[in-house]
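This is model-v9.cif. It holds mmCIF, C-alpha atoms.
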```
data_run
loop_
_atom_site.label_atom_id
_atom_site.label_comp_id
_atom_site.auth_asym_id
_atom_site.auth_seq_id
_atom_site.Cartn_x
_atom_site.Cartn_y
_atom_site.Cartn_z
CA MET A 1 -42.48 -51.38 -5.71
CA ILE A 2 -41.87 -48.45 -3.36
CA SER A 3 -44.32 -45.59 -3.73
CA ILE A 4 -43.57 -41.87 -3.54
CA ARG A 5 -45.83 -41.75 -0.48
CA SER A 6 -43.79 -44.37 1.41
CA ILE A 7 -40.53 -42.54 0.58
CA ALA A 8 -41.99 -39.28 1.88
CA LEU A 9 -43.22 -41.00 5.04
CA THR A 10 -39.82 -42.60 5.64
CA LEU A 11 -38.02 -39.26 5.18
CA GLY A 12 -40.46 -37.60 7.52
CA VAL A 13 -39.83 -40.18 10.27
CA PHE A 14 -36.06 -39.94 9.71
CA SER A 15 -36.05 -36.14 9.99
CA SER A 16 -38.19 -36.30 13.14
CA ALA A 17 -35.73 -38.74 14.67
CA LEU A 18 -32.82 -36.45 13.86
CA SER A 19 -34.56 -33.50 15.52
CA CYS A 20 -34.60 -35.47 18.78
CA PHE A 21 -30.79 -35.32 18.77
CA ALA A 22 -30.59 -31.58 17.97
CA VAL A 23 -28.62 -29.64 20.59
CA ALA A 24 -29.42 -26.07 21.54
CA PRO A 25 -26.55 -23.65 20.81
CA ASP A 26 -24.30 -22.97 23.77
CA PRO A 27 -24.49 -19.23 24.57
CA ASN A 28 -20.96 -19.40 25.97
CA ALA A 29 -19.70 -20.65 22.61
CA ALA A 30 -20.97 -17.57 20.75
CA VAL A 31 -18.35 -15.68 18.75
CA LYS A 32 -17.15 -12.60 20.61
CA VAL A 33 -16.23 -9.33 18.93
CA ASN A 34 -12.53 -9.80 19.79
CA GLN A 35 -12.60 -13.15 18.00
CA ILE A 36 -13.67 -11.68 14.67
CA GLN A 37 -11.07 -11.07 11.99
CA LEU A 38 -11.70 -9.11 8.81
CA ILE A 39 -9.51 -8.63 5.77
CA GLY A 40 -8.79 -4.92 5.58
CA THR A 41 -6.62 -2.32 3.92
CA HIS A 42 -4.84 0.70 5.38
CA ASN A 43 -5.15 4.02 3.52
CA SER A 44 -7.70 2.19 1.40
CA TYR A 45 -8.11 5.12 -1.03
CA HIS A 46 -4.35 5.31 -1.78
CA ALA A 47 -3.58 5.66 -5.50
CA GLY A 48 0.19 5.92 -5.12
CA LEU A 49 2.67 8.52 -6.27
CA ALA A 50 2.70 9.74 -9.87
CA PRO A 51 5.85 8.73 -11.83
CA SER A 52 7.75 12.04 -11.79
CA GLU A 53 6.73 12.88 -8.24
CA ALA A 54 7.85 9.38 -7.20
CA LYS A 55 11.23 9.98 -8.80
CA LEU A 56 11.67 13.24 -6.88
CA VAL A 57 10.70 11.68 -3.56
CA GLU A 58 13.00 8.72 -4.17
CA GLN A 59 15.95 11.06 -4.90
CA LYS A 60 15.37 13.25 -1.85
CA ASN A 61 14.23 10.65 0.68
CA PRO A 62 14.52 6.97 -0.31
CA LYS A 63 13.03 5.74 2.99
CA LEU A 64 9.97 7.93 2.57
CA TYR A 65 9.64 6.78 -1.03
CA GLN A 66 9.63 3.13 0.10
CA ALA A 67 6.92 3.91 2.64
CA LEU A 68 4.69 5.66 0.09
CA GLU A 69 5.26 3.48 -2.96
CA TYR A 70 2.12 1.35 -2.88
CA ARG A 71 -1.38 1.62 -4.28
CA HIS A 72 -4.79 0.05 -3.76
CA ARG A 73 -7.54 -0.84 -6.18
CA PRO A 74 -10.70 1.33 -6.08
CA LEU A 75 -12.86 0.56 -3.05
CA ASP A 76 -15.58 -1.32 -4.93
CA GLU A 77 -12.94 -3.62 -6.43
CA GLN A 78 -11.45 -4.23 -2.97
CA LEU A 79 -14.87 -5.16 -1.60
CA ASN A 80 -15.49 -7.48 -4.54
CA ALA A 81 -12.15 -9.16 -3.76
CA GLY A 82 -13.18 -9.86 -0.14
CA VAL A 83 -11.97 -6.78 1.78
CA ARG A 84 -14.38 -5.98 4.60
CA GLN A 85 -12.55 -3.25 6.49
CA ILE A 86 -11.45 0.01 4.92
CA GLU A 87 -9.67 3.01 6.41
CA LEU A 88 -10.06 6.57 5.15
CA ASP A 89 -8.07 9.67 6.14
CA ILE A 90 -10.40 12.64 5.84
CA TYR A 91 -9.54 16.33 5.50
CA ALA A 92 -12.18 19.03 5.81
CA ASP A 93 -12.51 21.81 3.22
CA ARG A 94 -15.53 24.02 3.91
CA ALA A 95 -14.96 26.59 1.19
CA GLY A 96 -13.34 24.40 -1.45
CA GLY A 97 -9.93 24.80 -3.06
CA ARG A 98 -7.83 24.31 0.09
CA TYR A 99 -6.16 21.20 -1.39
CA ALA A 100 -6.64 21.98 -5.09
CA HIS A 101 -3.04 23.10 -5.75
CA PRO A 102 -0.56 20.68 -4.16
CA MET A 103 3.18 21.33 -4.41
CA GLY A 104 3.90 18.16 -6.39
CA PRO A 105 3.26 19.46 -9.93
CA ASP A 106 5.32 22.63 -9.31
CA ALA A 107 8.20 20.58 -7.89
CA VAL A 108 8.11 18.31 -10.96
CA ALA A 109 8.18 21.32 -13.30
CA ALA A 110 11.04 22.94 -11.37
CA ALA A 111 13.06 19.71 -11.65
CA GLY A 112 12.50 19.59 -15.42
CA LEU A 113 10.78 16.20 -15.21
CA PRO A 114 7.89 15.09 -17.44
CA LYS A 115 4.52 16.37 -16.32
CA ASP A 116 2.46 13.84 -14.37
CA PRO A 117 -1.21 13.13 -15.12
CA ASP A 118 -3.55 15.73 -13.64
CA PHE A 119 -4.62 14.52 -10.19
CA ASP A 120 -7.95 16.40 -10.39
CA PRO A 121 -9.10 16.62 -14.03
CA ASP A 122 -12.74 17.25 -13.04
CA GLY A 123 -11.97 20.05 -10.56
CA LEU A 124 -13.48 18.19 -7.60
CA MET A 125 -10.92 19.62 -5.20
CA ARG A 126 -12.20 23.14 -5.91
CA LYS A 127 -15.59 22.25 -4.45
CA PRO A 128 -16.46 22.24 -0.71
CA GLY A 129 -16.47 18.94 1.13
CA PHE A 130 -14.41 16.26 2.83
CA ARG A 131 -11.29 14.91 1.08
CA ALA A 132 -9.74 11.45 1.26
CA MET A 133 -5.95 11.57 0.93
CA HIS A 134 -2.80 10.61 2.78
CA VAL A 135 -0.56 13.68 3.05
CA GLN A 136 -1.51 16.97 1.42
CA ASP A 137 1.06 18.41 -1.01
CA LEU A 138 3.09 15.17 -0.99
CA ASP A 139 0.91 12.04 -1.20
CA TYR A 140 -2.49 13.31 -2.25
CA ARG A 141 -3.60 11.06 -5.12
CA SER A 142 -6.70 9.08 -4.25
CA THR A 143 -9.02 6.60 -5.95
CA CYS A 144 -11.90 8.61 -4.44
CA GLN A 145 -10.93 12.22 -3.76
CA GLN A 146 -14.20 13.20 -2.10
CA LEU A 147 -15.54 11.35 0.93
CA ILE A 148 -18.94 11.18 -0.75
CA ALA A 149 -17.32 9.31 -3.66
CA CYS A 150 -15.56 6.90 -1.28
CA LEU A 151 -18.92 6.02 0.26
CA GLN A 152 -20.64 5.31 -3.07
CA ILE A 153 -20.25 1.59 -2.48
CA ASP A 154 -22.75 -1.22 -2.21
CA SER A 155 -25.02 -0.18 0.68
CA SER A 156 -25.26 -3.78 1.91
CA ARG A 157 -21.52 -3.72 2.63
CA ARG A 158 -20.98 -0.07 3.58
CA GLU A 159 -21.56 -0.37 7.33
CA ILE A 160 -19.28 -3.34 7.91
CA ALA A 161 -16.64 -1.93 5.58
CA LEU A 162 -16.54 1.36 7.49
CA ALA A 163 -16.87 -0.17 10.94
CA SER A 164 -13.37 0.90 11.95
CA GLY A 165 -12.65 3.27 9.25
CA ALA A 166 -12.94 7.05 8.85
CA GLN A 167 -10.80 9.49 10.80
CA LEU A 168 -11.02 13.25 10.46
CA LEU A 169 -7.37 14.19 10.61
CA SER A 170 -5.56 16.86 12.53
CA THR A 171 -2.01 16.25 11.38
CA ASP A 172 1.46 17.72 11.76
CA TYR A 173 0.78 20.05 8.84
CA PRO A 174 -1.20 22.88 10.46
CA ALA A 175 -0.62 25.33 7.58
CA SER A 176 -2.83 23.19 5.36
CA GLU A 177 -5.34 22.16 8.01
CA PRO A 178 -8.62 23.93 8.73
CA SER A 179 -7.96 26.45 11.49
CA GLN A 180 -11.35 26.02 13.10
CA TRP A 181 -14.07 23.40 12.74
CA THR A 182 -17.39 24.83 11.72
CA PRO A 183 -20.69 22.96 11.50
CA TYR A 184 -21.31 21.41 8.12
CA SER A 185 -22.20 17.96 6.90
CA VAL A 186 -22.24 15.64 3.90
CA GLY A 187 -25.42 13.81 2.90
CA LEU A 188 -25.13 10.19 1.75
CA PRO A 189 -27.41 7.94 -0.27
CA GLY A 190 -30.29 6.64 1.83
CA GLY A 191 -30.48 9.77 3.99
CA ALA A 192 -27.39 9.18 6.15
CA VAL A 193 -25.37 12.26 7.15
CA VAL A 194 -21.68 12.65 8.01
CA THR A 195 -20.80 15.56 10.32
CA PRO A 196 -17.42 16.30 11.99
CA ASN A 197 -17.49 16.14 15.79
CA ASN A 198 -14.39 18.25 16.51
CA GLY A 199 -12.48 15.24 17.81
CA SER A 200 -14.69 14.68 20.84
#
```

In structure tokens, what does this structure look like?
Amino acid sequence: MISIRSIALTLGVFSSALSCFAVAPDPNAAVKVNQIQLIGTHNSYHAGLAPSEAKLVEQKNPKLYQALEYRHRPLDEQLNAGVRQIELDIYADRAGGRYAHPMGPDAVAAAGLPKDPDFDPDGLMRKPGFRAMHVQDLDYRSTCQQLIACLQIDSSRREIALASGAQLLSTDYPASEPSQWTPYSVGLPGGAVVTPNNGS
């Protein structure tokens, strides 16, 4: 009859023998940063065009419609599905209200089309802060309108998810862009702070 003690002794000897064959990791075989691939999404906040606005864009510019007709799940759902790289387009609005009245709803009304769902039912765009959207006035619906809302994701995944991700835009639409950067910042959970650096 084999005792528990003899089994333990045998396993101990076997594991010691295996350790003799262990090979130290080769430092030259380490994974390099340019060998890492992550699943990511572009315009990760993108909620797509509303139905009537989509119809207008499709009538006036079918190519543009095809380029804009896509949508992503909310960021937390993307991360839960395995996405590890997100990209955010950020617009600054120090006073609040700069992007609160896009042209889309007025264009829909002028065309006699059914009214689309309100893009900002809680009035978040009237408050100061950073905005996450694609193109103001045209493609502005977002799953997280405020940058602070976009960053309310699992803190254990936030840094890797944003590793290549937020750009403070200066676009081809200067009439809607801030005319001058002024110092202000957004506080995040855990004490982190986001501050624009004027593109430098």

Shortest contact to A:Tyr70, candidates A:Ala47, A:Ala54, A:Leu88, A:Val83, atoms counted all atoms listed in the file, goes to A:Ala47

Residues picked by the PyMOL selection byres ((chain A and resi 96-113) around 7) here, as a list in words?
->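 This file gives the following for the PyMOL selection byres ((chain A and resi 96-113) around 7): Ser52, Glu53, Asp93, Arg94, Ala95, Pro114, Lys115, Met125, Arg126, Lys127, Pro128, Gly129, Gln136, Asp137 and Leu138 of chain A.
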
May I ask for the distance between atom CA of A:Lys32 and atom CA of A:Ala81, given in Å to one decimal place?
->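 It comes out at 25.1 Å.
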
Ground truth for the PyMOL selection byres ((chain A and resi 79) around 10), written as JSON, numbers by chain = {"A": [39, 40, 73, 74, 75, 76, 77, 78, 80, 81, 82, 83, 84, 85, 86, 153, 154, 157, 158, 161]}

To one decimal in Å, tell me the separation between atom CA of A:Gly123 and atom CA of A:Glu87.
->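 Computed distance, atom CA of A:Gly123 to atom CA of A:Glu87, equals 24.2 Å.
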
Shortest interatomic distance to A:His46 - which of A:Ala92, A:His72, A:Ala149, A:Pro121, counting only C-alpha atoms |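 Closest to A:His46, using only C-alpha atoms: A:His72.
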
Size and centre in Å, one decimal, axis-aligned box, all listed stretch 138-143 of chain A atoms plus 6 Å per side, as AutoDock Vina command-line options:
```
--center_x -3.0 --center_y 10.9 --center_z -3.5 --size_x 24.1 --size_y 20.6 --size_z 17.0
```

Shell around A:Leu147 at 6 Å using all atoms listed in the file, local window under 2 positions removed, as number ranges by chain | A: 130-132, 149-150

Quick one, how far is atom CA of A:Glu69 from atom CA of A:Tyr91?
->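 Computed distance, atom CA of A:Glu69 to atom CA of A:Tyr91, equals 21.3 Å.
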
Nearest to A:His134: which of A:Asn28, A:Gln66, A:Asn61, A:Asp89 is it, counting all atoms listed in the file?
-> A:Asp89
